[in-house]
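This is model_9.csv (CSV, C-alpha atoms).
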chain,number,residue,atom,x,y,z
A,1,MET,CA,-64.7,75.5,-184.0
A,2,SER,CA,-65.8,72.1,-185.1
A,3,ASP,CA,-63.1,69.9,-186.5
A,4,MET,CA,-63.1,67.8,-189.7
A,5,ARG,CA,-63.4,64.1,-188.7
A,6,LYS,CA,-65.2,62.6,-191.7
A,7,LEU,CA,-63.9,63.1,-195.2
A,8,LEU,CA,-65.4,61.6,-198.4
A,9,VAL,CA,-63.6,61.5,-201.8
A,10,HIS,CA,-65.3,60.8,-205.1
A,11,LEU,CA,-63.7,58.3,-207.5
A,12,ASN,CA,-64.7,57.6,-211.1
A,13,ASP,CA,-61.5,57.1,-213.1
A,14,ASP,CA,-57.8,56.2,-212.7
A,15,VAL,CA,-56.2,59.6,-213.5
A,16,VAL,CA,-57.9,62.7,-212.0
A,17,SER,CA,-59.4,60.6,-209.2
A,18,ARG,CA,-55.9,59.6,-208.3
A,19,GLN,CA,-55.1,63.3,-207.7
A,20,ALA,CA,-58.2,63.6,-205.5
A,21,ILE,CA,-57.6,60.5,-203.4
A,22,GLU,CA,-53.9,61.4,-202.8
A,23,TRP,CA,-54.9,64.9,-201.6
A,24,ALA,CA,-57.7,63.4,-199.5
A,25,GLY,CA,-55.4,60.8,-198.0
A,26,ALA,CA,-52.7,63.4,-197.1
A,27,LEU,CA,-55.4,65.7,-195.7
A,28,ALA,CA,-57.0,62.9,-193.6
A,29,ASP,CA,-53.5,62.1,-192.2
A,30,SER,CA,-52.9,65.8,-191.3
A,31,LEU,CA,-56.3,66.1,-189.6
A,32,GLY,CA,-56.4,62.7,-188.0
A,33,ALA,CA,-59.7,62.2,-189.9
A,34,HIS,CA,-61.5,59.1,-191.2
A,35,LEU,CA,-61.5,58.9,-195.0
A,36,SER,CA,-64.2,57.2,-197.1
A,37,ALA,CA,-64.3,56.8,-200.9
A,38,MET,CA,-67.4,56.7,-203.1
A,39,ALA,CA,-67.7,55.4,-206.7
A,40,VAL,CA,-71.0,56.0,-208.4
A,41,LEU,CA,-72.2,54.0,-211.4
A,42,GLU,CA,-74.2,56.3,-213.5
A,43,PRO,CA,-77.3,54.9,-215.2
A,44,GLN,CA,-77.3,54.3,-219.0
A,45,LEU,CA,-80.1,54.4,-221.5
A,46,SER,CA,-82.8,51.8,-220.9
A,47,GLY,CA,-82.9,48.7,-223.1
A,48,VAL,CA,-86.6,49.1,-223.7
A,49,GLY,CA,-87.4,48.8,-227.4
A,50,LEU,CA,-84.2,47.1,-228.3
A,51,SER,CA,-84.0,43.7,-230.0
A,52,ALA,CA,-83.1,40.7,-227.8
A,53,GLU,CA,-79.6,40.7,-229.3
A,54,ALA,CA,-79.1,44.4,-228.7
A,55,ALA,CA,-80.5,44.2,-225.2
A,56,ALA,CA,-78.1,41.3,-224.4
A,57,LEU,CA,-75.2,43.3,-225.7
A,58,ALA,CA,-76.2,46.4,-223.7
A,59,GLN,CA,-76.3,44.2,-220.6
A,60,GLN,CA,-72.8,43.0,-221.3
A,61,VAL,CA,-71.5,46.5,-221.7
A,62,GLU,CA,-73.2,47.6,-218.5
A,63,GLN,CA,-71.7,44.8,-216.6
A,64,ALA,CA,-68.2,45.6,-218.0
A,65,ARG,CA,-68.7,49.2,-217.0
A,66,ARG,CA,-69.6,48.1,-213.5
A,67,THR,CA,-66.6,45.8,-213.2
A,68,SER,CA,-64.2,48.4,-214.5
A,69,LEU,CA,-65.4,51.1,-212.1
A,70,ARG,CA,-65.2,48.7,-209.2
A,71,ALA,CA,-61.7,47.6,-210.2
A,72,THR,CA,-60.5,51.2,-210.7
A,73,ALA,CA,-61.9,52.4,-207.3
A,74,GLU,CA,-60.5,49.4,-205.4
A,75,GLY,CA,-57.1,49.9,-207.1
A,76,LEU,CA,-57.0,53.5,-206.0
A,77,VAL,CA,-57.9,52.7,-202.5
A,78,ARG,CA,-55.4,49.9,-202.4
A,79,ASP,CA,-52.6,52.1,-203.8
A,80,LEU,CA,-53.3,54.8,-201.2
A,81,GLY,CA,-52.9,52.2,-198.4
A,82,GLN,CA,-49.6,51.0,-199.9
A,83,HIS,CA,-48.3,54.6,-199.6
A,84,GLY,CA,-48.6,54.5,-195.8
A,85,THR,CA,-52.0,56.1,-195.6
A,86,GLY,CA,-54.9,54.2,-194.0
A,87,VAL,CA,-57.1,52.3,-196.4
A,88,PRO,CA,-60.3,54.2,-196.9
A,89,GLU,CA,-63.7,52.6,-196.7
A,90,LEU,CA,-65.1,52.2,-200.2
A,91,ARG,CA,-68.8,52.7,-201.1
A,92,LEU,CA,-70.1,51.6,-204.5
A,93,VAL,CA,-73.5,53.0,-205.3
A,94,GLU,CA,-75.7,53.5,-208.4
A,95,GLY,CA,-77.4,56.7,-209.6
A,96,ASP,CA,-76.5,60.3,-210.3
A,97,PRO,CA,-73.1,61.1,-208.8
A,98,VAL,CA,-74.2,64.6,-207.7
A,99,ASP,CA,-77.3,63.2,-206.0
A,100,ALA,CA,-75.3,60.5,-204.3
A,101,LEU,CA,-72.7,62.9,-203.0
A,102,GLN,CA,-75.2,65.4,-201.8
A,103,ALA,CA,-76.9,62.7,-199.8
A,104,ALA,CA,-73.6,61.6,-198.3
A,105,SER,CA,-72.8,65.2,-197.4
A,106,LEU,CA,-75.5,65.1,-194.7
A,107,ALA,CA,-73.1,63.1,-192.5
A,108,THR,CA,-69.8,64.3,-193.8
A,109,ASP,CA,-67.5,67.2,-192.9
A,110,LEU,CA,-65.9,67.6,-196.3
A,111,LEU,CA,-66.5,66.3,-199.8
A,112,ILE,CA,-63.4,66.0,-202.0
A,113,VAL,CA,-63.9,65.7,-205.8
A,114,SER,CA,-61.8,66.2,-208.8
A,115,GLN,CA,-62.1,68.7,-211.7
A,116,ARG,CA,-62.9,67.1,-215.0
A,117,ASP,CA,-60.0,67.0,-217.5
A,118,PRO,CA,-61.2,68.5,-220.7
A,119,ALA,CA,-59.4,65.7,-222.6
A,120,GLY,CA,-60.9,62.9,-220.5
A,121,ALA,CA,-64.0,61.7,-218.7
A,122,GLY,CA,-62.9,61.5,-215.1
A,123,GLY,CA,-63.9,63.9,-212.3
A,124,LEU,CA,-66.9,66.2,-212.3
A,125,ALA,CA,-67.7,68.8,-215.0
A,126,SER,CA,-68.0,72.4,-213.8
A,127,GLY,CA,-71.8,72.1,-214.1
A,128,GLN,CA,-71.9,69.0,-211.9
A,129,ALA,CA,-69.5,70.6,-209.4
A,130,GLY,CA,-71.7,73.7,-209.3
A,131,ARG,CA,-74.8,71.5,-208.6
A,132,LEU,CA,-73.0,69.7,-205.9
A,133,LEU,CA,-71.8,72.9,-204.3
A,134,LEU,CA,-75.3,74.5,-204.2
A,135,GLY,CA,-76.9,71.4,-202.7
A,136,ALA,CA,-74.2,70.0,-200.4
A,137,ALA,CA,-74.6,70.1,-196.6
A,138,CYS,CA,-70.9,70.5,-196.1
A,139,PRO,CA,-68.0,72.3,-197.9
A,140,VAL,CA,-66.7,70.9,-201.2
A,141,MET,CA,-63.0,70.6,-202.0
A,142,VAL,CA,-62.2,70.5,-205.7
A,143,VAL,CA,-58.8,69.2,-206.8
A,144,PRO,CA,-57.6,70.4,-210.2
A,145,HIS,CA,-57.1,67.8,-213.0
A,146,ILE,CA,-53.5,69.1,-213.5
A,147,GLY,CA,-52.6,67.9,-210.0
A,148,TRP,CA,-51.6,69.5,-206.8
A,149,LYS,CA,-48.4,70.3,-204.9
A,150,HIS,CA,-47.4,70.2,-201.2
A,151,GLY,CA,-47.0,73.3,-199.2
A,152,HIS,CA,-44.3,73.6,-196.5
A,153,GLY,CA,-44.9,74.1,-192.8
A,154,THR,CA,-42.8,76.1,-190.4
A,155,THR,CA,-40.2,73.3,-190.3
A,156,GLY,CA,-39.7,73.4,-194.0
A,157,GLN,CA,-41.0,69.9,-194.4
A,158,PRO,CA,-43.7,69.1,-197.0
A,159,GLY,CA,-47.2,69.4,-195.7
A,160,ILE,CA,-50.8,69.6,-196.9
A,161,ALA,CA,-52.7,72.9,-197.2
A,162,GLN,CA,-49.8,74.9,-195.6
A,163,THR,CA,-50.1,78.1,-197.6
A,164,ILE,CA,-53.8,79.1,-197.8
A,165,LEU,CA,-55.3,82.0,-199.7
A,166,VAL,CA,-58.7,83.1,-198.4
A,167,ALA,CA,-60.7,85.1,-200.9
A,168,TRP,CA,-63.0,87.5,-198.9
A,169,ALA,CA,-66.0,89.1,-200.5
A,170,GLY,CA,-67.9,90.3,-197.4
A,171,THR,CA,-70.9,87.9,-198.0
A,172,ARG,CA,-72.6,85.1,-196.2
A,173,GLU,CA,-71.0,82.6,-198.5
A,174,SER,CA,-67.6,84.0,-197.9
A,175,ALA,CA,-68.0,84.0,-194.2
A,176,ARG,CA,-69.3,80.4,-194.3
A,177,ALA,CA,-66.3,79.3,-196.3
A,178,LEU,CA,-64.0,81.0,-193.8
A,179,ARG,CA,-65.6,79.2,-190.8
A,180,ASP,CA,-65.8,75.9,-192.6
A,181,ALA,CA,-62.0,76.1,-193.3
A,182,LEU,CA,-61.0,77.0,-189.7
A,183,PRO,CA,-59.7,73.4,-189.0
A,184,LEU,CA,-57.3,73.9,-192.0
A,185,LEU,CA,-56.4,77.5,-191.3
A,186,VAL,CA,-55.4,76.8,-187.7
A,187,ARG,CA,-52.9,74.2,-189.0
A,188,ALA,CA,-51.5,76.2,-191.9
A,189,ALA,CA,-48.1,77.8,-191.9
A,190,GLN,CA,-49.3,80.9,-193.8
A,191,VAL,CA,-52.7,82.4,-194.3
A,192,GLU,CA,-53.5,85.4,-196.4
A,193,LEU,CA,-56.8,87.2,-196.6
A,194,VAL,CA,-57.4,88.7,-200.0
A,195,ALA,CA,-60.1,91.1,-201.2
A,196,PHE,CA,-60.6,93.1,-204.4
A,197,ALA,CA,-61.4,96.8,-204.6
A,198,PRO,CA,-62.3,99.0,-207.5
A,199,GLY,CA,-60.0,101.9,-208.3
A,200,GLY,CA,-59.9,104.7,-205.7
A,201,GLN,CA,-58.1,105.0,-202.4
A,202,GLY,CA,-61.4,105.1,-200.4
A,203,ALA,CA,-62.5,101.8,-201.7
A,204,VAL,CA,-59.1,100.2,-201.0
A,205,GLN,CA,-59.1,101.6,-197.4
A,206,SER,CA,-62.6,100.3,-196.9
A,207,GLN,CA,-61.7,96.8,-198.0
A,208,ARG,CA,-58.5,96.9,-195.9
A,209,ASP,CA,-60.6,97.8,-192.8
A,210,ALA,CA,-63.0,95.0,-193.5
A,211,LEU,CA,-60.1,92.5,-193.9
A,212,GLN,CA,-58.6,93.7,-190.6
A,213,ASP,CA,-61.9,92.9,-188.9
A,214,VAL,CA,-61.8,89.4,-190.4
A,215,ALA,CA,-58.1,89.0,-189.4
A,216,SER,CA,-59.0,89.9,-185.8
A,217,TYR,CA,-61.8,87.2,-185.9
A,218,LEU,CA,-59.3,84.6,-187.1
A,219,GLY,CA,-56.8,85.7,-184.4
A,220,ALA,CA,-59.4,84.8,-181.8
A,221,HIS,CA,-59.3,81.3,-183.3
A,222,ASP,CA,-55.4,81.2,-183.1
A,223,VAL,CA,-55.0,81.9,-186.8
A,224,ARG,CA,-52.5,84.6,-187.8
A,225,ALA,CA,-53.5,86.0,-191.2
A,226,ALA,CA,-51.9,88.7,-193.4
A,227,VAL,CA,-54.2,91.0,-195.4
A,228,ARG,CA,-53.9,92.2,-198.9
A,229,VAL,CA,-56.2,94.3,-201.1
A,230,LEU,CA,-55.9,93.8,-204.9
A,231,ASN,CA,-57.0,96.2,-207.5
A,232,GLN,CA,-60.1,95.3,-209.4
A,233,ALA,CA,-59.7,96.8,-212.8
A,234,PRO,CA,-62.9,97.5,-214.7
A,235,PRO,CA,-63.4,95.4,-217.8
A,236,SER,CA,-62.7,97.1,-221.1
A,237,VAL,CA,-65.3,97.5,-223.8
A,238,GLY,CA,-63.5,94.8,-225.8
A,239,GLU,CA,-63.7,92.3,-223.0
A,240,ARG,CA,-67.4,93.0,-222.5
A,241,LEU,CA,-68.0,92.4,-226.2
A,242,ARG,CA,-65.9,89.2,-226.2
A,243,ASN,CA,-68.0,86.1,-226.9
A,244,GLY,CA,-68.5,84.1,-223.6
A,245,TRP,CA,-67.4,87.0,-221.4
A,246,VAL,CA,-68.6,86.5,-217.8
A,247,PRO,CA,-68.8,89.3,-215.2
A,248,ASP,CA,-66.0,89.1,-212.6
A,249,VAL,CA,-64.0,86.7,-214.6
A,250,ALA,CA,-61.0,89.0,-214.3
A,251,VAL,CA,-61.3,88.7,-210.5
A,252,ALA,CA,-61.0,84.9,-210.7
A,253,GLU,CA,-58.0,85.2,-213.0
A,254,ALA,CA,-56.3,87.7,-210.7
A,255,LEU,CA,-57.0,85.4,-207.8
A,256,LEU,CA,-55.4,82.5,-209.5
A,257,SER,CA,-52.4,84.6,-210.6
A,258,HIS,CA,-51.9,85.8,-207.0
A,259,ALA,CA,-52.2,82.2,-205.7
A,260,ALA,CA,-49.4,81.3,-208.1
A,261,ASP,CA,-47.2,84.2,-207.0
A,262,SER,CA,-47.7,83.4,-203.3
A,263,HIS,CA,-47.2,79.7,-203.8
A,264,ALA,CA,-50.6,78.9,-202.2
A,265,ASP,CA,-51.5,75.3,-202.2
A,266,LEU,CA,-55.2,75.9,-201.3
A,267,ILE,CA,-57.8,78.6,-202.0
A,268,VAL,CA,-60.8,79.1,-199.7
A,269,MET,CA,-63.8,81.0,-201.1
A,270,GLY,CA,-67.5,81.3,-201.1
A,271,GLY,CA,-69.4,79.6,-203.9
A,272,TYR,CA,-72.1,81.6,-205.6
A,273,GLY,CA,-75.0,80.5,-207.7
A,274,HIS,CA,-78.7,79.6,-207.8
A,275,SER,CA,-81.1,77.5,-209.8
A,276,ARG,CA,-83.4,79.3,-212.2
A,277,LEU,CA,-86.1,77.4,-214.2
A,278,ARG,CA,-84.2,74.2,-213.9
A,279,GLN,CA,-81.0,75.9,-215.1
A,280,LEU,CA,-77.9,76.2,-212.9
A,281,VAL,CA,-76.6,79.8,-212.8
A,282,LEU,CA,-73.2,80.2,-211.2
A,283,GLY,CA,-71.5,83.4,-210.3
A,284,GLY,CA,-68.7,84.5,-212.6
A,285,VAL,CA,-65.9,84.0,-210.1
A,286,THR,CA,-67.2,80.6,-209.1
A,287,ARG,CA,-67.7,79.4,-212.6
A,288,THR,CA,-64.2,80.5,-213.7
A,289,MET,CA,-62.6,78.9,-210.7
A,290,LEU,CA,-64.3,75.6,-211.3
A,291,GLU,CA,-63.2,75.7,-215.0
A,292,SER,CA,-59.7,77.1,-214.6
A,293,MET,CA,-58.4,76.3,-211.1
A,294,THR,CA,-54.7,75.5,-210.7
A,295,VAL,CA,-54.7,74.6,-207.0
A,296,PRO,CA,-57.3,72.9,-204.9
A,297,VAL,CA,-60.2,75.1,-203.9
A,298,LEU,CA,-62.5,74.8,-200.9
A,299,LEU,CA,-65.9,76.2,-201.6
A,300,SER,CA,-68.9,76.8,-199.3
A,301,HIS,CA,-72.4,78.0,-200.3
What does the file become when written as structure tokens?
Amino acid sequence: MSDMRKLLVHLNDDVVSRQAIEWAGALADSLGAHLSAMAVLEPQLSGVGLSAEAAALAQQVEQARRTSLRATAEGLVRDLGQHGTGVPELRLVEGDPVDALQAASLATDLLIVSQRDPAGAGGLASGQAGRLLLGAACPVMVVPHIGWKHGHGTTGQPGIAQTILVAWAGTRESARALRDALPLLVRAAQVELVAFAPGGQGAVQSQRDALQDVASYLGAHDVRAAVRVLNQAPPSVGERLRNGWVPDVAVAEALLSHAADSHADLIVMGGYGHSRLRQLVLGGVTRTMLESMTVPVLLSH
């Protein structure tokens, strides 16, 4: 089992990015890992064709944007240090944030980003997070814009990623996420393996057997995991006809509901999707989780 020694958190605003860097700082402390932060200045429209006055104004706006992003990122890093966490190294780069993060992932154990607040501009939109997931060379942790809560270890003291829900689908992506999360699972107070099965006792038993095999694998890595099979109810005709309905969306909703019931403070799952004719196509569960998550989610593709 390789450990997580290098973490990188993405910063681009003062609200949702604060959630991400606080989570990243707590996680780095828990793992004894080195934390870096990255702020990416996205390119704006070129000034070609503008009058001299308009071009000068555009340059002023661009400089103000650059100054604001630098000040915001430096402030977040400084605040984290004042809370007793080591001060992260800060990298300021220009370009597309997804491209920059994917490049950084080649020498990083975990990328930590924030979910975009629908009412704001910080974090990454679900499409950006999906692109990052499909192209990253390491797992991606997405912190919800609504914030996150501490779990509790066996001592009852607040901890980070102490109650972990692992969504198992019996796929390569699911297995990769499980292995990528081992450094976190071995430190958790509670780990639960969850799978969904369609109606029928045979399907439920088959999933339970599969989960027992995975639990045995985790046991070999000193991780004790409970297993649970949840019922996957078929969508109704009304749901299928509903505008915007996505296959498997009910699975994501049930997973989030179960995470709330079990007080999980982290979900581990495979991320599914592919690019088709320059269009990103995400799996229904992955897309719904990126849009509706209520706790941090670690995804691997």
Let me make sure I understand: among A:Ala188, A:Ala136, A:Val98, A:Met269, which one has the smallest atom-to-atom distance to Ser174 (chain A) if we use all atoms listed in the file?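 Smallest separation from Ser174 (chain A) among the options: A:Met269.
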Selection: 10 Å around region 283-295 of chain A, all atoms listed in the file, excl. self and same-chain fewer than 3 positions, as a PyMOL selection string: chain A and resi 115-118+124-127+129-130+142-149+245-253+255-257+259-260+263-267+269-274+280+298-299
Give me, as a CSV table (one decimal) with C-alpha atoms, in the frame of the given file, all polymer residues having an atom no more than 10 Å from Leu106 (chain A), counting all atoms listed in the file and skipping those fewer than 3 positions away in the same chain.
chain,number,residue,atom,x,y,z
A,101,LEU,CA,-72.7,62.9,-203.0
A,102,GLN,CA,-75.2,65.4,-201.8
A,103,ALA,CA,-76.9,62.7,-199.8
A,109,ASP,CA,-67.5,67.2,-192.9
A,136,ALA,CA,-74.2,70.0,-200.4
A,137,ALA,CA,-74.6,70.1,-196.6
A,138,CYS,CA,-70.9,70.5,-196.1
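Distances to Leu178 (chain A) were evaluated for A:Pro43, A:Gly25, A:Gly86, A:Pro139 using all atoms listed in the file, and the minimum falls at A:Pro139.
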Pairwise distance for CA of Val113 (chain A) and CA of Ile21 (chain A), rounded to one decimal in Å: 8.5 Å
Give me region 50-89 of chain A from this structure - C-alpha atoms, as a PDB file, in the first residue's frame.
ATOM      1  CA  LEU A  50     -10.043  46.748 -29.432  1.00  0.00           C
ATOM      2  CA  SER A  51      -9.362  50.450 -29.468  1.00  0.00           C
ATOM      3  CA  ALA A  52      -6.296  51.690 -27.580  1.00  0.00           C
ATOM      4  CA  GLU A  53      -8.513  52.950 -24.761  1.00  0.00           C
ATOM      5  CA  ALA A  54     -10.447  49.685 -24.498  1.00  0.00           C
ATOM      6  CA  ALA A  55      -7.251  47.621 -24.627  1.00  0.00           C
ATOM      7  CA  ALA A  56      -5.747  49.681 -21.799  1.00  0.00           C
ATOM      8  CA  LEU A  57      -8.889  49.196 -19.727  1.00  0.00           C
ATOM      9  CA  ALA A  58      -8.833  45.437 -20.411  1.00  0.00           C
ATOM     10  CA  GLN A  59      -5.214  45.327 -19.275  1.00  0.00           C
ATOM     11  CA  GLN A  60      -6.118  47.101 -16.035  1.00  0.00           C
ATOM     12  CA  VAL A  61      -8.961  44.662 -15.396  1.00  0.00           C
ATOM     13  CA  GLU A  62      -6.640  41.717 -16.060  1.00  0.00           C
ATOM     14  CA  GLN A  63      -4.040  43.067 -13.653  1.00  0.00           C
ATOM     15  CA  ALA A  64      -6.710  43.614 -10.984  1.00  0.00           C
ATOM     16  CA  ARG A  65      -7.885  40.025 -11.451  1.00  0.00           C
ATOM     17  CA  ARG A  66      -4.364  38.728 -11.087  1.00  0.00           C
ATOM     18  CA  THR A  67      -3.759  40.799  -7.960  1.00  0.00           C
ATOM     19  CA  SER A  68      -7.072  39.714  -6.422  1.00  0.00           C
ATOM     20  CA  LEU A  69      -6.441  36.001  -7.033  1.00  0.00           C
ATOM     21  CA  ARG A  70      -2.937  36.231  -5.586  1.00  0.00           C
ATOM     22  CA  ALA A  71      -4.186  38.083  -2.504  1.00  0.00           C
ATOM     23  CA  THR A  72      -7.020  35.582  -1.983  1.00  0.00           C
ATOM     24  CA  ALA A  73      -4.770  32.536  -2.321  1.00  0.00           C
ATOM     25  CA  GLU A  74      -2.059  34.011  -0.088  1.00  0.00           C
ATOM     26  CA  GLY A  75      -4.698  34.912   2.511  1.00  0.00           C
ATOM     27  CA  LEU A  76      -6.098  31.365   2.580  1.00  0.00           C
ATOM     28  CA  VAL A  77      -2.630  29.883   2.943  1.00  0.00           C
ATOM     29  CA  ARG A  78      -1.750  32.352   5.699  1.00  0.00           C
ATOM     30  CA  ASP A  79      -5.008  31.681   7.571  1.00  0.00           C
ATOM     31  CA  LEU A  80      -4.413  27.947   7.472  1.00  0.00           C
ATOM     32  CA  GLY A  81      -0.982  28.458   9.020  1.00  0.00           C
ATOM     33  CA  GLN A  82      -2.483  30.555  11.810  1.00  0.00           C
ATOM     34  CA  HIS A  83      -4.790  27.656  12.724  1.00  0.00           C
ATOM     35  CA  GLY A  84      -1.801  25.507  13.638  1.00  0.00           C
ATOM     36  CA  THR A  85      -1.482  23.735  10.290  1.00  0.00           C
ATOM     37  CA  GLY A  86       1.775  23.975   8.371  1.00  0.00           C
ATOM     38  CA  VAL A  87       1.836  26.715   5.750  1.00  0.00           C
ATOM     39  CA  PRO A  88       1.386  25.137   2.296  1.00  0.00           C
ATOM     40  CA  GLU A  89       3.636  25.969  -0.618  1.00  0.00           C
TER      41      GLU A  89
END
